[in-house]
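One file, run-v4.txt, carrying compact mmCIF, C-alpha atoms and all ligand atoms:
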```txt
# COMPACT_ATOMS: atom_id res chain seq x y z
CA MET A 22 76.83 1.57 112.25
CA LEU A 23 73.75 3.29 113.61
CA GLU A 24 70.87 3.10 111.13
CA ILE A 25 68.45 6.03 111.02
CA ILE A 26 65.31 5.11 109.08
CA ARG A 27 63.18 7.88 107.61
CA ILE A 28 59.72 6.44 106.99
CA HIS A 29 57.61 7.39 103.94
CA ASN A 30 58.92 10.91 103.43
CA GLU A 31 56.83 11.23 100.26
CA LEU A 32 53.74 10.88 102.47
CA LEU A 33 54.99 12.20 105.80
CA GLY A 34 57.11 15.05 104.42
CA THR A 35 54.60 17.90 104.22
CA TYR A 36 56.10 19.89 107.09
CA GLY A 37 59.82 19.43 106.47
CA ASP A 38 60.41 17.03 109.36
CA ARG A 39 62.80 15.09 107.10
CA GLY A 40 65.51 17.38 108.48
CA ASN A 41 65.40 15.48 111.77
CA ALA A 42 67.35 12.66 110.11
CA ASP A 43 70.06 15.06 108.92
CA VAL A 44 70.45 16.58 112.39
CA LEU A 45 70.77 13.11 113.94
CA ALA A 46 73.45 12.17 111.39
CA PHE A 47 75.28 15.46 112.04
CA ARG A 48 75.16 15.13 115.83
CA ALA A 49 76.27 11.50 115.54
CA LYS A 50 79.28 12.60 113.49
CA LEU A 51 80.18 15.25 116.11
CA ALA A 52 80.09 12.54 118.77
CA GLY A 53 82.27 10.21 116.68
CA ILE A 54 79.42 7.75 116.07
CA LYS A 55 79.07 6.19 112.62
CA ALA A 56 75.52 6.60 111.33
CA ARG A 57 73.66 6.32 108.04
CA ILE A 58 70.24 7.48 106.88
CA THR A 59 67.98 4.99 105.05
CA ASP A 60 64.89 6.32 103.27
CA ILE A 61 62.02 3.85 103.15
CA SER A 62 59.39 4.81 100.60
CA TYR A 63 55.74 3.88 100.74
CA PRO A 64 56.00 0.78 98.48
CA ASP A 65 59.21 -0.47 100.16
CA GLU A 66 59.31 -3.06 102.90
CA LEU A 67 60.12 -1.42 106.24
CA PRO A 68 62.99 -3.26 107.94
CA SER A 69 62.67 -4.00 111.66
CA THR A 70 66.46 -3.82 112.12
CA GLY A 71 66.86 -0.03 112.32
CA ASP A 72 68.14 1.80 115.38
CA ILE A 73 66.18 5.06 115.07
CA TYR A 74 62.91 5.49 113.14
CA LEU A 75 61.54 8.90 112.11
CA LEU A 76 58.00 9.82 111.10
CA GLY A 77 56.97 13.33 110.05
CA GLY A 78 53.83 15.42 109.71
CA ALA A 79 51.31 14.96 106.90
CA GLU A 80 47.81 15.60 105.71
CA ASP A 81 45.09 13.24 106.99
CA ALA A 82 44.75 11.16 103.79
CA ALA A 83 48.52 10.72 103.38
CA GLN A 84 48.98 9.69 106.98
CA ALA A 85 46.17 7.12 106.68
CA LEU A 86 47.95 5.64 103.64
CA SER A 87 51.28 5.46 105.48
CA LEU A 88 49.60 3.83 108.47
CA GLU A 89 47.87 1.27 106.25
CA ALA A 90 51.22 0.31 104.69
CA MET A 91 52.88 -0.04 108.11
CA LYS A 92 50.08 -2.18 109.49
CA LYS A 93 50.72 -4.92 106.89
CA LYS A 94 53.84 -6.30 108.58
CA MET A 95 53.92 -4.26 111.81
CA ALA A 96 57.70 -3.90 111.33
CA LEU A 97 57.87 -0.74 113.44
CA ASN A 98 56.22 -2.53 116.37
CA LYS A 99 58.74 -5.37 115.99
CA ALA A 100 61.63 -2.90 115.97
CA VAL A 101 60.31 -1.18 119.11
CA LYS A 102 60.12 -4.56 120.88
CA LYS A 103 63.83 -4.96 120.08
CA GLY A 104 64.55 -1.56 121.67
CA ALA A 105 64.55 0.75 118.65
CA VAL A 106 64.10 4.50 119.18
CA VAL A 107 61.19 6.28 117.47
CA LEU A 108 60.62 10.00 116.96
CA ALA A 109 57.20 10.79 115.52
CA ILE A 110 56.00 14.29 114.72
CA CYS A 111 52.35 15.38 114.53
CA ALA A 112 50.71 13.03 111.96
CA GLY A 113 53.49 10.54 112.81
CA PHE A 114 52.61 10.86 116.51
CA GLN A 115 48.91 10.34 115.72
CA ILE A 116 49.78 7.20 113.68
CA LEU A 117 51.51 5.65 116.71
CA GLY A 118 48.37 5.99 118.84
CA SER A 119 45.56 3.50 119.36
CA THR A 120 42.98 5.33 117.24
CA PHE A 121 43.07 8.16 114.72
CA ILE A 122 39.75 9.82 113.85
CA SER A 123 39.71 12.25 110.92
CA ARG A 124 36.73 14.06 109.42
CA ASP A 125 36.41 11.16 106.92
CA GLU A 126 37.27 7.98 108.80
CA THR A 127 38.24 6.22 112.02
CA VAL A 128 41.42 4.17 111.78
CA GLU A 129 43.16 1.94 114.28
CA GLY A 130 46.73 3.15 114.86
CA LEU A 131 49.90 1.16 115.54
CA GLY A 132 49.17 1.14 119.28
CA LEU A 133 52.71 2.08 120.30
CA LEU A 134 51.41 4.96 122.41
CA ASP A 135 48.22 4.94 124.47
CA VAL A 136 46.71 8.03 122.80
CA THR A 137 43.67 8.80 120.66
CA THR A 138 43.35 11.61 118.13
CA ALA A 139 40.11 13.25 116.96
CA PRO A 140 39.25 16.50 115.14
CA GLY A 141 39.59 19.54 117.42
CA SER A 142 37.50 22.70 117.66
CA ARG A 143 39.88 24.63 115.36
CA ARG A 144 43.26 24.26 113.63
CA LEU A 145 46.20 25.02 115.92
CA VAL A 146 48.95 26.90 114.11
CA GLY A 147 51.86 28.79 115.65
CA ASP A 148 54.94 28.77 117.82
CA ILE A 149 55.04 26.34 120.70
CA ALA A 150 57.32 25.97 123.73
CA ILE A 151 57.25 23.06 126.13
CA LYS A 152 59.10 21.96 129.26
CA SER A 153 60.00 18.29 129.08
CA LYS A 154 61.46 16.42 132.06
CA PHE A 155 64.19 15.08 129.79
CA PHE A 156 65.86 18.50 129.35
CA ALA A 157 66.97 21.33 131.61
CA GLU A 158 65.83 23.98 129.13
CA PRO A 159 62.46 24.30 127.37
CA LEU A 160 62.14 23.06 123.78
CA THR A 161 60.57 25.15 121.04
CA GLY A 162 58.91 24.31 117.74
CA PHE A 163 56.06 25.14 115.41
CA GLU A 164 52.69 23.40 115.50
CA ASN A 165 50.14 23.06 112.68
CA HIS A 166 47.38 20.54 113.21
CA GLY A 167 43.61 20.04 113.30
CA GLY A 168 43.63 16.87 115.38
CA VAL A 169 43.71 16.90 119.18
CA THR A 170 45.21 14.04 121.12
CA THR A 171 43.94 12.58 124.37
CA LEU A 172 46.22 10.51 126.57
CA GLY A 173 45.07 7.12 127.87
CA SER A 174 45.96 5.85 131.34
CA ASP A 175 49.22 4.24 130.08
CA ALA A 176 50.48 7.39 128.37
CA THR A 177 52.94 9.92 129.79
CA PRO A 178 53.07 13.37 128.18
CA PHE A 179 56.34 14.40 126.53
CA GLY A 180 56.15 17.88 128.01
CA ARG A 181 54.11 20.61 129.65
CA VAL A 182 53.06 23.45 127.34
CA ILE A 183 54.53 26.88 128.14
CA ALA A 184 53.30 28.65 124.99
CA GLY A 185 51.03 27.37 122.20
CA ASN A 186 48.74 24.36 122.48
CA GLY A 187 50.34 20.94 121.97
CA ASN A 188 47.87 18.07 122.24
CA GLY A 189 44.91 20.47 122.26
CA ILE A 190 43.57 23.73 123.66
CA ALA A 191 43.51 23.52 127.45
CA GLY A 192 39.95 23.99 128.67
CA VAL A 193 38.41 23.86 125.16
CA ASP A 194 39.41 20.52 123.72
CA GLY A 195 39.71 19.04 127.19
CA ILE A 196 43.47 18.53 127.01
CA ALA A 197 45.34 19.81 130.04
CA GLY A 198 48.24 21.83 128.59
CA VAL A 199 50.52 18.99 127.57
CA ASP A 200 52.36 18.01 124.40
CA GLY A 201 53.07 14.59 122.95
CA ALA A 202 53.55 11.27 124.68
CA VAL A 203 56.46 8.99 125.59
CA SER A 204 56.70 5.28 126.24
CA GLY A 205 60.17 3.80 126.69
CA ASN A 206 62.14 4.82 123.59
CA VAL A 207 59.05 5.96 121.64
CA PHE A 208 58.62 9.74 121.48
CA GLY A 209 55.64 11.54 119.94
CA THR A 210 55.29 15.33 119.79
CA TYR A 211 53.50 18.11 117.88
CA LEU A 212 56.75 20.11 117.48
CA HIS A 213 57.80 20.75 113.89
CA GLY A 214 60.86 22.89 113.27
CA PRO A 215 62.36 20.42 112.47
CA VAL A 216 62.34 19.83 116.21
CA LEU A 217 65.89 18.38 116.30
CA ALA A 218 67.30 21.36 114.35
CA ARG A 219 65.85 23.75 116.93
CA ASN A 220 66.65 21.56 119.93
CA PRO A 221 69.90 19.63 119.30
CA GLU A 222 69.92 18.18 122.84
CA PHE A 223 66.85 16.17 121.84
CA ALA A 224 68.87 14.63 118.98
CA ASP A 225 71.57 13.73 121.50
CA LEU A 226 69.04 12.06 123.79
CA LEU A 227 67.74 9.93 120.90
CA LEU A 228 71.29 8.96 119.87
CA ALA A 229 72.17 8.07 123.46
CA ARG A 230 69.03 5.95 123.76
CA ALA A 231 69.86 4.18 120.50
CA LEU A 232 73.32 3.37 121.86
CA GLY A 233 71.88 2.18 125.17
CA ALA A 234 73.76 4.99 126.94
CA THR A 235 72.49 7.65 129.33
CA ASN A 236 74.53 10.42 127.74
CA LEU A 237 76.59 11.04 124.64
CA PRO A 238 80.38 11.48 125.08
CA ALA A 239 80.99 14.43 127.41
CA SER A 240 83.03 16.19 124.72
CA ILE A 241 79.98 17.08 122.67
CA GLU A 242 77.84 18.04 125.67
CA ALA A 243 80.36 20.26 127.43
CA ASN A 244 81.86 22.05 124.44
CA ASP A 245 78.83 22.34 122.29
CA GLU A 246 78.59 25.99 121.47
CA LEU A 247 75.83 25.35 118.95
CA ALA A 248 73.54 23.74 121.51
CA GLN A 249 74.28 26.49 124.02
CA ARG A 250 73.51 29.21 121.49
CA TYR A 251 70.24 27.51 120.63
CA ALA A 252 69.28 27.29 124.30
CA GLN A 253 70.02 31.00 124.70
CA TRP A 254 68.01 31.88 121.60
CA ARG A 255 65.06 29.77 122.74
CA ARG A 256 65.04 31.50 126.14
CA SER A 257 64.79 34.86 124.38
CA VAL A 258 61.98 33.62 122.10
CA ILE A 259 59.91 32.33 125.02
CA LYS A 260 60.10 35.56 127.06
N1 LIG B 301 46.71 15.76 109.66
C1 LIG B 301 46.99 15.96 111.02
C2 LIG B 301 46.21 17.06 111.70
O1 LIG B 301 45.90 18.08 111.10
C3 LIG B 301 48.47 16.16 111.18
C4 LIG B 301 48.99 17.50 110.72
C5 LIG B 301 50.49 17.56 110.81
O2 LIG B 301 51.15 16.54 110.72
N2 LIG B 301 51.03 18.75 110.93
O3 LIG B 301 45.92 16.90 112.85
```

Could you take the file, read its structure, and then write that structure out as structure tokens?
Ligand code: GLN
Amino acid sequence: MLEIIRIHNELLGTYGDRGNADVLAFRAKLAGIKARITDISYPDELPSTGDIYLLGGAEDAAQALSLEAMKKKMALNKAVKKGAVVLAICAGFQILGSTFISRDETVEGLGLLDVTTAPGSRRLVGDIAIKSKFFAEPLTGFENHGGVTTLGSDATPFGRVIAGNGNGIAGVDGIAGVDGAVSGNVFGTYLHGPVLARNPEFADLLLARALGATNLPASIEANDELAQRYAQWRRSVIK
């Protein structure tokens, strides 16, 4: 049984990223994989035994509270050491970094990604498209953030920005047209949507990683009309 853990949705649920868990469970079912979603609330102890962990977007104060709770036992870091998969969106992505600077405070992050976030020159709101090396087709989403994220020397971007801003405005905030960061099975991105609802092949990649496989069963990849329709729709949106 694959366990999908949704972390602190009452704090990290502002932007509807909770849907990522539902898409993972749905895609798992299509592939014949048994999966269950476990919601871990802010006062609950976070288990380190999950297979996939999900963190969503939030306001600065809520994300600081979630981070503080996670730092007590560092369960997410323990799970990652054991090979768990993590998908973190926007505030969630910022939490995974080494430092998060808001207008009110500077907080040390979980250090799972070598990135630092600080307030940007203006809030970045709108559609975003990126090309990630993990997928043949571009991914699309919606971004809404004030923080800009700088990659350290150990960080690899998740994708190159085709439209929108991602980690920051190229040339203004000093970020060179990239979105997110990846390290092993840890994925951080600014794409809301929820990103897995708009880009089901990303859900399949996360499931495959959680199973230690390179791909999901060919049946769902080859005959997946839904994923193909999405890819077609995204191509038309980007043009
Ligand atoms: N509070 C963060 C920012 O504005 C994250 C916002 C979000 O998660 N959408 O940068």

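If only C-alpha atoms and all ligand atoms are the atoms counted, then among A:Glu164, A:Asp65, A:Asp125, A:Asp148 the closest residue to ligand LIG 301 (chain B) is A:Glu164.
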
Exercise. What is the distance between atom CA of A:Leu160 and atom CA of A:Asn220, in Å to one decimal?
Worked result: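 These atoms are spaced 6.1 Å apart.
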
Problem set entry | For atom CA of A:Asp245 and atom CA of A:Gly214, the interatomic separation in Å (one decimal) | 20.1 Å

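Among the candidates A:Arg219, A:Arg124, A:Arg250, A:Arg255, the one nearest to ligand LIG 301 (chain B) when counting only C-alpha atoms and all ligand atoms is A:Arg124.
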
Using all atoms listed in the file, find each residue of chain A with at least one atom at most 6 Å away from an atom of ligand LIG 301 (chain B); report its shortest atom-to-atom pair and that distance in Å (one decimal), sort the rows by chain and rising residue number, and return the result as a Markdown table.
```
| residue | atom | partner | partner_atom | distance |
| --- | --- | --- | --- | --- |
| A:Gly78 | CA | B:LIG301 | O2 | 3.1 |
| A:Ala79 | CA | B:LIG301 | O2 | 4.1 |
| A:Glu80 | CA | B:LIG301 | N1 | 4.1 |
| A:Asp81 | CA | B:LIG301 | N1 | 4.0 |
| A:Cys111 | CA | B:LIG301 | O2 | 4.2 |
| A:Ala112 | CA | B:LIG301 | O2 | 3.7 |
| A:Asn165 | CA | B:LIG301 | N2 | 4.7 |
| A:His166 | CA | B:LIG301 | O1 | 3.6 |
| A:Gly167 | CA | B:LIG301 | O1 | 3.7 |
| A:Gly168 | CA | B:LIG301 | O3 | 3.4 |
```

Please produce stretch 53-64 of chain A, completed to all heavy atoms, as a CSV table (one decimal), keeping the file's coordinate frame.
```
chain,number,residue,atom,x,y,z
A,53,GLY,N,81.4,11.3,117.1
A,53,GLY,CA,82.3,10.2,116.7
A,53,GLY,C,81.5,8.9,116.5
A,53,GLY,O,82.1,7.8,116.6
A,54,ILE,N,80.2,9.0,116.3
A,54,ILE,CA,79.4,7.8,116.1
A,54,ILE,C,79.1,7.6,114.6
A,54,ILE,O,78.7,8.6,113.9
A,54,ILE,CB,78.1,7.9,116.8
A,54,ILE,CG1,78.3,8.1,118.3
A,54,ILE,CG2,77.2,6.7,116.6
A,54,ILE,CD1,77.1,8.8,119.0
A,55,LYS,N,79.4,6.4,114.0
A,55,LYS,CA,79.1,6.2,112.6
A,55,LYS,C,77.6,6.0,112.5
A,55,LYS,O,77.0,5.1,113.2
A,55,LYS,CB,79.8,5.0,112.1
A,55,LYS,CG,81.3,5.2,111.8
A,55,LYS,CD,81.8,4.1,110.9
A,55,LYS,CE,83.2,4.5,110.3
A,55,LYS,NZ,84.2,5.0,111.3
A,56,ALA,N,77.0,6.7,111.5
A,56,ALA,CA,75.5,6.6,111.3
A,56,ALA,C,75.2,6.7,109.8
A,56,ALA,O,75.9,7.4,109.1
A,56,ALA,CB,74.8,7.7,112.1
A,57,ARG,N,74.1,6.1,109.4
A,57,ARG,CA,73.7,6.3,108.0
A,57,ARG,C,72.1,6.5,108.0
A,57,ARG,O,71.5,6.0,108.9
A,57,ARG,CB,74.1,5.2,107.1
A,57,ARG,CG,73.4,3.9,107.4
A,57,ARG,CD,73.4,3.0,106.2
A,57,ARG,NE,72.7,1.7,106.5
A,57,ARG,CZ,73.3,0.6,106.9
A,57,ARG,NH1,74.6,0.5,106.9
A,57,ARG,NH2,72.5,-0.4,107.2
A,58,ILE,N,71.7,7.2,107.0
A,58,ILE,CA,70.2,7.5,106.9
A,58,ILE,C,69.7,6.6,105.8
A,58,ILE,O,70.3,6.5,104.7
A,58,ILE,CB,70.0,8.9,106.5
A,58,ILE,CG1,70.5,9.9,107.6
A,58,ILE,CG2,68.4,9.2,106.3
A,58,ILE,CD1,70.4,11.4,107.2
A,59,THR,N,68.6,5.8,106.1
A,59,THR,CA,68.0,5.0,105.0
A,59,THR,C,66.6,5.5,104.8
A,59,THR,O,65.8,5.7,105.8
A,59,THR,CB,67.9,3.5,105.5
A,59,THR,OG1,69.2,3.1,105.9
A,59,THR,CG2,67.3,2.6,104.5
A,60,ASP,N,66.2,5.9,103.6
A,60,ASP,CA,64.9,6.3,103.3
A,60,ASP,C,64.1,5.1,102.9
A,60,ASP,O,64.4,4.4,102.0
A,60,ASP,CB,64.9,7.3,102.1
A,60,ASP,CG,65.0,8.7,102.7
A,60,ASP,OD1,64.1,9.2,103.4
A,60,ASP,OD2,66.1,9.4,102.4
A,61,ILE,N,62.9,4.9,103.5
A,61,ILE,CA,62.0,3.8,103.2
A,61,ILE,C,60.8,4.5,102.6
A,61,ILE,O,60.0,5.2,103.3
A,61,ILE,CB,61.7,3.0,104.4
A,61,ILE,CG1,62.9,2.3,104.9
A,61,ILE,CG2,60.6,1.9,104.0
A,61,ILE,CD1,63.6,1.3,104.0
A,62,SER,N,60.5,4.2,101.3
A,62,SER,CA,59.4,4.8,100.6
A,62,SER,C,58.2,3.9,100.8
A,62,SER,O,58.3,2.8,101.2
A,62,SER,CB,59.7,4.9,99.1
A,62,SER,OG,60.7,5.9,98.9
A,63,TYR,N,57.0,4.5,100.5
A,63,TYR,CA,55.7,3.9,100.7
A,63,TYR,C,55.6,2.4,100.2
A,63,TYR,O,55.2,1.6,100.9
A,63,TYR,CB,54.7,4.8,100.2
A,63,TYR,CG,53.3,4.3,100.0
A,63,TYR,CD1,52.6,3.9,101.1
A,63,TYR,CD2,52.8,4.1,98.7
A,63,TYR,CE1,51.3,3.4,100.9
A,63,TYR,CE2,51.5,3.6,98.6
A,63,TYR,CZ,50.8,3.2,99.7
A,63,TYR,OH,49.5,2.7,99.5
A,64,PRO,N,56.1,2.2,99.0
A,64,PRO,CA,56.0,0.8,98.5
A,64,PRO,C,57.1,-0.2,99.0
A,64,PRO,O,57.0,-1.4,98.9
A,64,PRO,CB,56.2,0.9,97.0
A,64,PRO,CG,56.3,2.3,96.7
A,64,PRO,CD,56.7,3.0,97.9
```
